[in-house]
Amino acid sequence: MDNVLIAVDGPAGAGKSTIAKIVAQKLNINYIDTGAMYRAVTYKCLQNGVDIEDEGAVVQVAKNTDIDFKDNNIYLDGNIINEEIRTVDVSNKVSKVSKIGEVREILVDVQRKIGSMTSAILDGRDIGSIVFPNAEFKFYLIASPEERGLRRFKEMKEKGYEVDLSKIVDDIVARDEMDMNREHAPLVRAHDAVEIDTTGKSIDEVVCEVVSHIQGN
Ligand code: DC
């Protein structure tokens, strides 16, 4: 059988990664967090003192970076960086990296390579529209900015960060703006994606909706 590819797109905090991870387990396929790849390049730039505004320098970093996923860990040049890419600093800068066309080309190539080798559920912004327009299943998850902010707020609190809810909501709205209005591969719902509004829904409810759609119930 051919590889089955499932695209999960939508704005930050809509529940994509939580849902995609569980669905991957249920279907026994790989989960690929494509946002983590853009975060990894951003993190590497910050670590090496590369100016995020200097697009040429950021592209050089992306070209000379090895990103891999194994057992739900993300590897940057051989080192696991699951936690390092989730800081507020990386979150606030990653949109500047992900809007660079050449960086996108490099990372989309990696994503397509992975998708050609294995069945997978991928979450991101452009999976159903650009990376895998022929994916078997496409979902577009949304939720109100307030609820998305609250989810991020709780996540950060649990990790011990001192955070301010209204600032998080503002950051999320700002990131939406950038992701939706950038020149290359802006965040958009693919015309054939199933839209699910996760506002007020439990994780279980959304997982059920996604799985029953895939299984044709
Ligand atoms: O899902 P996330 O918050 O980890 O994504 C981080 C950033 O990367 C976000 O600003 C959008 C961008 N991104 C993208 O442009 N394309 C993807 N396929 C995934 C993420």
# chains A, B, ... in the order shown; residues from 1 in each chain; ligands from 1

call {"tool": "residues_near_ligand", "arguments": {"ligand": "ligand 1", "cutoff": "6 Å", "atoms": "only C-alpha atoms and all ligand atoms", "output": "PyMOL selection string"}}
result
chain A and resi 12+34-36+38-39+94-95+98+124-127+175+179

call {"tool": "write_last_selection", "arguments": {"atoms": "N, CA and C atoms", "output": "mmCIF file, in the first residue's frame"}}
result
data_model
loop_
_atom_site.group_PDB
_atom_site.id
_atom_site.type_symbol
_atom_site.label_atom_id
_atom_site.label_comp_id
_atom_site.auth_asym_id
_atom_site.auth_seq_id
_atom_site.Cartn_x
_atom_site.Cartn_y
_atom_site.Cartn_z
ATOM 1 N N ALA A 12 -1.499 29.025 15.269
ATOM 2 C CA ALA A 12 -0.842 28.609 16.518
ATOM 3 C C ALA A 12 -1.874 28.395 17.626
ATOM 4 N N THR A 34 6.131 19.990 11.766
ATOM 5 C CA THR A 34 6.944 20.805 10.847
ATOM 6 C C THR A 34 7.278 22.172 11.443
ATOM 7 N N GLY A 35 6.430 22.670 12.356
ATOM 8 C CA GLY A 35 6.739 23.927 13.043
ATOM 9 C C GLY A 35 8.040 23.800 13.815
ATOM 10 N N ALA A 36 8.280 22.598 14.356
ATOM 11 C CA ALA A 36 9.505 22.361 15.132
ATOM 12 C C ALA A 36 10.738 22.547 14.250
ATOM 13 N N TYR A 38 11.051 24.771 11.727
ATOM 14 C CA TYR A 38 11.300 26.217 11.619
ATOM 15 C C TYR A 38 11.858 26.746 12.943
ATOM 16 N N ARG A 39 11.348 26.173 14.045
ATOM 17 C CA ARG A 39 11.853 26.564 15.363
ATOM 18 C C ARG A 39 13.320 26.164 15.515
ATOM 19 N N VAL A 94 10.286 33.046 15.446
ATOM 20 C CA VAL A 94 10.212 32.010 14.407
ATOM 21 C C VAL A 94 9.459 32.470 13.145
ATOM 22 N N SER A 95 8.471 33.370 13.283
ATOM 23 C CA SER A 95 7.736 33.820 12.088
ATOM 24 C C SER A 95 8.648 34.551 11.111
ATOM 25 N N SER A 98 10.342 31.732 9.276
ATOM 26 C CA SER A 98 9.472 30.913 8.430
ATOM 27 C C SER A 98 8.895 31.699 7.252
ATOM 28 N N GLY A 124 1.273 21.674 10.546
ATOM 29 C CA GLY A 124 1.978 22.877 10.109
ATOM 30 C C GLY A 124 1.022 23.957 9.667
ATOM 31 N N ARG A 125 1.436 24.709 8.644
ATOM 32 C CA ARG A 125 0.603 25.801 8.114
ATOM 33 C C ARG A 125 0.277 25.596 6.642
ATOM 34 N N ASP A 126 1.154 24.849 5.956
ATOM 35 C CA ASP A 126 1.062 24.743 4.494
ATOM 36 C C ASP A 126 1.105 23.284 4.031
ATOM 37 N N ILE A 127 0.816 22.349 4.925
ATOM 38 C CA ILE A 127 0.973 20.931 4.566
ATOM 39 C C ILE A 127 -0.059 20.538 3.497
ATOM 40 N N ARG A 175 1.320 36.737 15.521
ATOM 41 C CA ARG A 175 1.910 35.642 14.751
ATOM 42 C C ARG A 175 0.941 35.209 13.632
ATOM 43 N N ASP A 179 1.813 35.030 9.741
ATOM 44 C CA ASP A 179 1.712 33.745 9.033
ATOM 45 C C ASP A 179 0.707 33.829 7.872
#

call {"tool": "residues_around", "arguments": {"residues": "Asp109 (chain A)", "least_positions_apart": "3", "cutoff": "12 Å", "atoms": "only C-alpha atoms", "output": "JSON, numbers by chain"}}
result
{"A": [34, 37, 62, 63, 67, 102, 103, 104, 105, 106, 112, 113, 114, 115, 116, 130, 131, 132]}

call {"tool": "write_last_selection", "arguments": {"atoms": "N, CA and C atoms", "output": "PDB file, in the first residue's frame"}}
result
ATOM      1  N   THR A  34       6.131  19.990  11.766  1.00  0.00           N
ATOM      2  CA  THR A  34       6.944  20.805  10.847  1.00  0.00           C
ATOM      3  C   THR A  34       7.278  22.172  11.443  1.00  0.00           C
ATOM      4  N   MET A  37      10.591  22.298  12.950  1.00  0.00           N
ATOM      5  CA  MET A  37      11.742  22.450  12.051  1.00  0.00           C
ATOM      6  C   MET A  37      12.098  23.932  11.883  1.00  0.00           C
ATOM      7  N   ALA A  62      20.161  27.496   7.574  1.00  0.00           N
ATOM      8  CA  ALA A  62      19.221  26.421   7.191  1.00  0.00           C
ATOM      9  C   ALA A  62      19.904  25.402   6.275  1.00  0.00           C
ATOM     10  N   LYS A  63      20.747  25.903   5.365  1.00  0.00           N
ATOM     11  CA  LYS A  63      21.438  25.019   4.414  1.00  0.00           C
ATOM     12  C   LYS A  63      22.400  24.083   5.121  1.00  0.00           C
ATOM     13  N   ILE A  67      18.258  18.293  10.299  1.00  0.00           N
ATOM     14  CA  ILE A  67      17.097  18.145  11.201  1.00  0.00           C
ATOM     15  C   ILE A  67      16.491  16.770  10.985  1.00  0.00           C
ATOM     16  N   GLU A 102      13.532  30.857   0.814  1.00  0.00           N
ATOM     17  CA  GLU A 102      14.588  29.843   0.641  1.00  0.00           C
ATOM     18  C   GLU A 102      14.671  28.879   1.821  1.00  0.00           C
ATOM     19  N   VAL A 103      14.368  29.396   3.010  1.00  0.00           N
ATOM     20  CA  VAL A 103      14.340  28.512   4.194  1.00  0.00           C
ATOM     21  C   VAL A 103      13.198  27.520   4.014  1.00  0.00           C
ATOM     22  N   ARG A 104      12.060  28.015   3.543  1.00  0.00           N
ATOM     23  CA  ARG A 104      10.903  27.138   3.345  1.00  0.00           C
ATOM     24  C   ARG A 104      11.235  26.043   2.326  1.00  0.00           C
ATOM     25  N   GLU A 105      11.895  26.426   1.233  1.00  0.00           N
ATOM     26  CA  GLU A 105      12.238  25.420   0.211  1.00  0.00           C
ATOM     27  C   GLU A 105      13.070  24.296   0.816  1.00  0.00           C
ATOM     28  N   ILE A 106      14.042  24.678   1.621  1.00  0.00           N
ATOM     29  CA  ILE A 106      14.938  23.677   2.227  1.00  0.00           C
ATOM     30  C   ILE A 106      14.151  22.742   3.143  1.00  0.00           C
ATOM     31  N   ARG A 112       9.060  16.560   2.388  1.00  0.00           N
ATOM     32  CA  ARG A 112       8.609  15.692   1.277  1.00  0.00           C
ATOM     33  C   ARG A 112       9.391  14.385   1.264  1.00  0.00           C
ATOM     34  N   LYS A 113      10.666  14.470   1.607  1.00  0.00           N
ATOM     35  CA  LYS A 113      11.487  13.259   1.654  1.00  0.00           C
ATOM     36  C   LYS A 113      10.926  12.298   2.710  1.00  0.00           C
ATOM     37  N   ILE A 114      10.626  12.848   3.883  1.00  0.00           N
ATOM     38  CA  ILE A 114      10.076  12.010   4.956  1.00  0.00           C
ATOM     39  C   ILE A 114       8.751  11.395   4.484  1.00  0.00           C
ATOM     40  N   GLY A 115       7.913  12.223   3.876  1.00  0.00           N
ATOM     41  CA  GLY A 115       6.587  11.753   3.438  1.00  0.00           C
ATOM     42  C   GLY A 115       6.655  10.721   2.326  1.00  0.00           C
ATOM     43  N   SER A 116       7.762  10.702   1.600  1.00  0.00           N
ATOM     44  CA  SER A 116       7.871   9.729   0.515  1.00  0.00           C
ATOM     45  C   SER A 116       8.288   8.363   1.048  1.00  0.00           C
ATOM     46  N   ILE A 130       0.516  23.211   0.175  1.00  0.00           N
ATOM     47  CA  ILE A 130       1.758  23.283  -0.604  1.00  0.00           C
ATOM     48  C   ILE A 130       2.609  22.005  -0.517  1.00  0.00           C
ATOM     49  N   VAL A 131       2.848  21.539   0.711  1.00  0.00           N
ATOM     50  CA  VAL A 131       3.820  20.447   0.873  1.00  0.00           C
ATOM     51  C   VAL A 131       3.268  19.148   0.286  1.00  0.00           C
ATOM     52  N   PHE A 132       2.049  18.801   0.690  1.00  0.00           N
ATOM     53  CA  PHE A 132       1.401  17.593   0.171  1.00  0.00           C
ATOM     54  C   PHE A 132      -0.020  17.905  -0.300  1.00  0.00           C
TER      55      PHE A 132
END

call {"tool": "residues_around", "arguments": {"residues": "Ser119 (chain A)", "least_positions_apart": "6", "cutoff": "7 Å", "atoms": "only C-alpha atoms", "output": "ChimeraX atom specification"}}
result
/A:3-5,29-30

call {"tool": "write_last_selection", "arguments": {"atoms": "N, CA and C atoms", "output": "mmCIF file, in the first residue's frame"}}
result
data_model
loop_
_atom_site.group_PDB
_atom_site.id
_atom_site.type_symbol
_atom_site.label_atom_id
_atom_site.label_comp_id
_atom_site.auth_asym_id
_atom_site.auth_seq_id
_atom_site.Cartn_x
_atom_site.Cartn_y
_atom_site.Cartn_z
ATOM 1 N N ASN A 3 2.133 5.097 0.938
ATOM 2 C CA ASN A 3 2.130 5.812 2.218
ATOM 3 C C ASN A 3 0.873 6.635 2.333
ATOM 4 N N VAL A 4 0.297 6.640 3.528
ATOM 5 C CA VAL A 4 -0.865 7.491 3.776
ATOM 6 C C VAL A 4 -0.365 8.759 4.444
ATOM 7 N N LEU A 5 -0.740 9.903 3.895
ATOM 8 C CA LEU A 5 -0.319 11.169 4.479
ATOM 9 C C LEU A 5 -1.547 11.958 4.942
ATOM 10 N N ILE A 29 1.162 5.499 12.980
ATOM 11 C CA ILE A 29 1.966 6.113 11.923
ATOM 12 C C ILE A 29 2.852 7.191 12.557
ATOM 13 N N ASN A 30 3.768 7.754 11.785
ATOM 14 C CA ASN A 30 4.686 8.764 12.328
ATOM 15 C C ASN A 30 4.014 10.122 12.471
#

call {"tool": "closest_residue", "arguments": {"among": "A:Ile168, A:Met156, A:Leu122, A:Val207", "to": "Gly10 (chain A)", "atoms": "only C-alpha atoms"}}
result
A:Leu122

call {"tool": "residues_around", "arguments": {"residues": "Thr198 (chain A)", "least_positions_apart": "2", "cutoff": "8 Å", "atoms": "only C-alpha atoms", "output": "PyMOL selection string"}}
result
chain A and resi 14-15+141-143+196+200-202+206

call {"tool": "residues_around", "arguments": {"residues": "Ala7 (chain A)", "least_positions_apart": "3", "cutoff": "7 Å", "atoms": "only C-alpha atoms", "output": "list of chain:residue names"}}
result
A:Ile121, A:Leu122, A:Asp123, A:Ile127, A:Gly128, A:Ala135, A:Phe137, A:Lys138, A:Phe139

call {"tool": "write_last_selection", "arguments": {"atoms": "all heavy atoms", "output": "mmCIF file, in the first residue's frame"}}
result
data_model
loop_
_atom_site.group_PDB
_atom_site.id
_atom_site.type_symbol
_atom_site.label_atom_id
_atom_site.label_comp_id
_atom_site.auth_asym_id
_atom_site.auth_seq_id
_atom_site.Cartn_x
_atom_site.Cartn_y
_atom_site.Cartn_z
ATOM 1 N N ILE A 121 1.411 11.668 9.821
ATOM 2 C CA ILE A 121 0.528 12.809 10.012
ATOM 3 C C ILE A 121 1.452 13.997 10.274
ATOM 4 O O ILE A 121 2.347 13.915 11.120
ATOM 5 C CB ILE A 121 -0.498 12.558 11.147
ATOM 6 C CG1 ILE A 121 -1.441 13.745 11.319
ATOM 7 C CG2 ILE A 121 0.159 12.204 12.474
ATOM 8 C CD1 ILE A 121 -2.695 13.410 12.129
ATOM 9 N N LEU A 122 1.296 15.049 9.509
ATOM 10 C CA LEU A 122 2.175 16.213 9.629
ATOM 11 C C LEU A 122 1.355 17.415 10.048
ATOM 12 O O LEU A 122 0.280 17.658 9.487
ATOM 13 C CB LEU A 122 2.852 16.536 8.300
ATOM 14 C CG LEU A 122 3.776 15.462 7.733
ATOM 15 C CD1 LEU A 122 3.035 14.613 6.724
ATOM 16 C CD2 LEU A 122 4.995 16.109 7.072
ATOM 17 N N ASP A 123 1.849 18.170 11.019
ATOM 18 C CA ASP A 123 1.138 19.400 11.342
ATOM 19 C C ASP A 123 1.976 20.608 10.968
ATOM 20 O O ASP A 123 3.206 20.556 10.974
ATOM 21 C CB ASP A 123 0.626 19.392 12.783
ATOM 22 C CG ASP A 123 1.603 19.917 13.806
ATOM 23 O OD1 ASP A 123 2.306 20.883 13.516
ATOM 24 O OD2 ASP A 123 1.627 19.357 14.918
ATOM 25 N N ILE A 127 0.816 22.349 4.925
ATOM 26 C CA ILE A 127 0.973 20.931 4.566
ATOM 27 C C ILE A 127 -0.059 20.538 3.497
ATOM 28 O O ILE A 127 0.287 19.960 2.464
ATOM 29 C CB ILE A 127 0.846 20.009 5.808
ATOM 30 C CG1 ILE A 127 1.791 20.474 6.925
ATOM 31 C CG2 ILE A 127 1.126 18.547 5.424
ATOM 32 C CD1 ILE A 127 3.244 20.525 6.546
ATOM 33 N N GLY A 128 -1.317 20.870 3.734
ATOM 34 C CA GLY A 128 -2.363 20.493 2.765
ATOM 35 C C GLY A 128 -2.369 21.368 1.524
ATOM 36 O O GLY A 128 -2.832 20.952 0.462
ATOM 37 N N ALA A 135 -2.326 14.946 -0.277
ATOM 38 C CA ALA A 135 -2.491 14.137 0.948
ATOM 39 C C ALA A 135 -3.886 13.512 0.956
ATOM 40 O O ALA A 135 -4.855 14.139 0.509
ATOM 41 C CB ALA A 135 -2.306 15.025 2.176
ATOM 42 N N PHE A 137 -5.802 12.854 3.484
ATOM 43 C CA PHE A 137 -6.727 13.530 4.400
ATOM 44 C C PHE A 137 -6.135 14.866 4.809
ATOM 45 O O PHE A 137 -4.933 14.967 5.064
ATOM 46 C CB PHE A 137 -6.969 12.676 5.654
ATOM 47 C CG PHE A 137 -7.543 11.332 5.337
ATOM 48 C CD1 PHE A 137 -6.726 10.216 5.307
ATOM 49 C CD2 PHE A 137 -8.892 11.190 5.038
ATOM 50 C CE1 PHE A 137 -7.244 8.964 4.987
ATOM 51 C CE2 PHE A 137 -9.415 9.943 4.715
ATOM 52 C CZ PHE A 137 -8.593 8.836 4.690
ATOM 53 N N LYS A 138 -7.021 15.875 4.869
ATOM 54 C CA LYS A 138 -6.558 17.204 5.256
ATOM 55 C C LYS A 138 -7.515 17.795 6.288
ATOM 56 O O LYS A 138 -8.739 17.751 6.088
ATOM 57 C CB LYS A 138 -6.554 18.140 4.039
ATOM 58 C CG LYS A 138 -5.630 17.712 2.928
ATOM 59 C CD LYS A 138 -5.684 18.725 1.802
ATOM 60 C CE LYS A 138 -4.888 18.242 0.609
ATOM 61 N NZ LYS A 138 -4.950 19.200 -0.508
ATOM 62 N N PHE A 139 -6.938 18.349 7.322
ATOM 63 C CA PHE A 139 -7.744 18.988 8.353
ATOM 64 C C PHE A 139 -7.212 20.396 8.581
ATOM 65 O O PHE A 139 -6.009 20.647 8.458
ATOM 66 C CB PHE A 139 -7.675 18.185 9.659
ATOM 67 C CG PHE A 139 -8.226 16.793 9.507
ATOM 68 C CD1 PHE A 139 -7.388 15.738 9.166
ATOM 69 C CD2 PHE A 139 -9.587 16.552 9.652
ATOM 70 C CE1 PHE A 139 -7.894 14.456 8.991
ATOM 71 C CE2 PHE A 139 -10.100 15.274 9.471
ATOM 72 C CZ PHE A 139 -9.254 14.221 9.140
#

call {"tool": "select_by_dssp", "arguments": {"residues": "region 37-206 of chain A", "states": "strand (DSSP E or B)", "output": "count of residues only"}}
result
25

call {"tool": "select_by_dssp", "arguments": {"residues": "region 66-205 of chain A", "states": "alpha helix (DSSP H)", "output": "ChimeraX atom specification"}}
result
/A:88-98,101-117,145-158,165-181,203-205

call {"tool": "residues_around", "arguments": {"residues": "Val97 (chain A)", "least_positions_apart": "4", "cutoff": "8 Å", "atoms": "only C-alpha atoms", "output": "PyMOL selection string"}}
result
chain A and resi 38+41-42+52+55+58+93+103
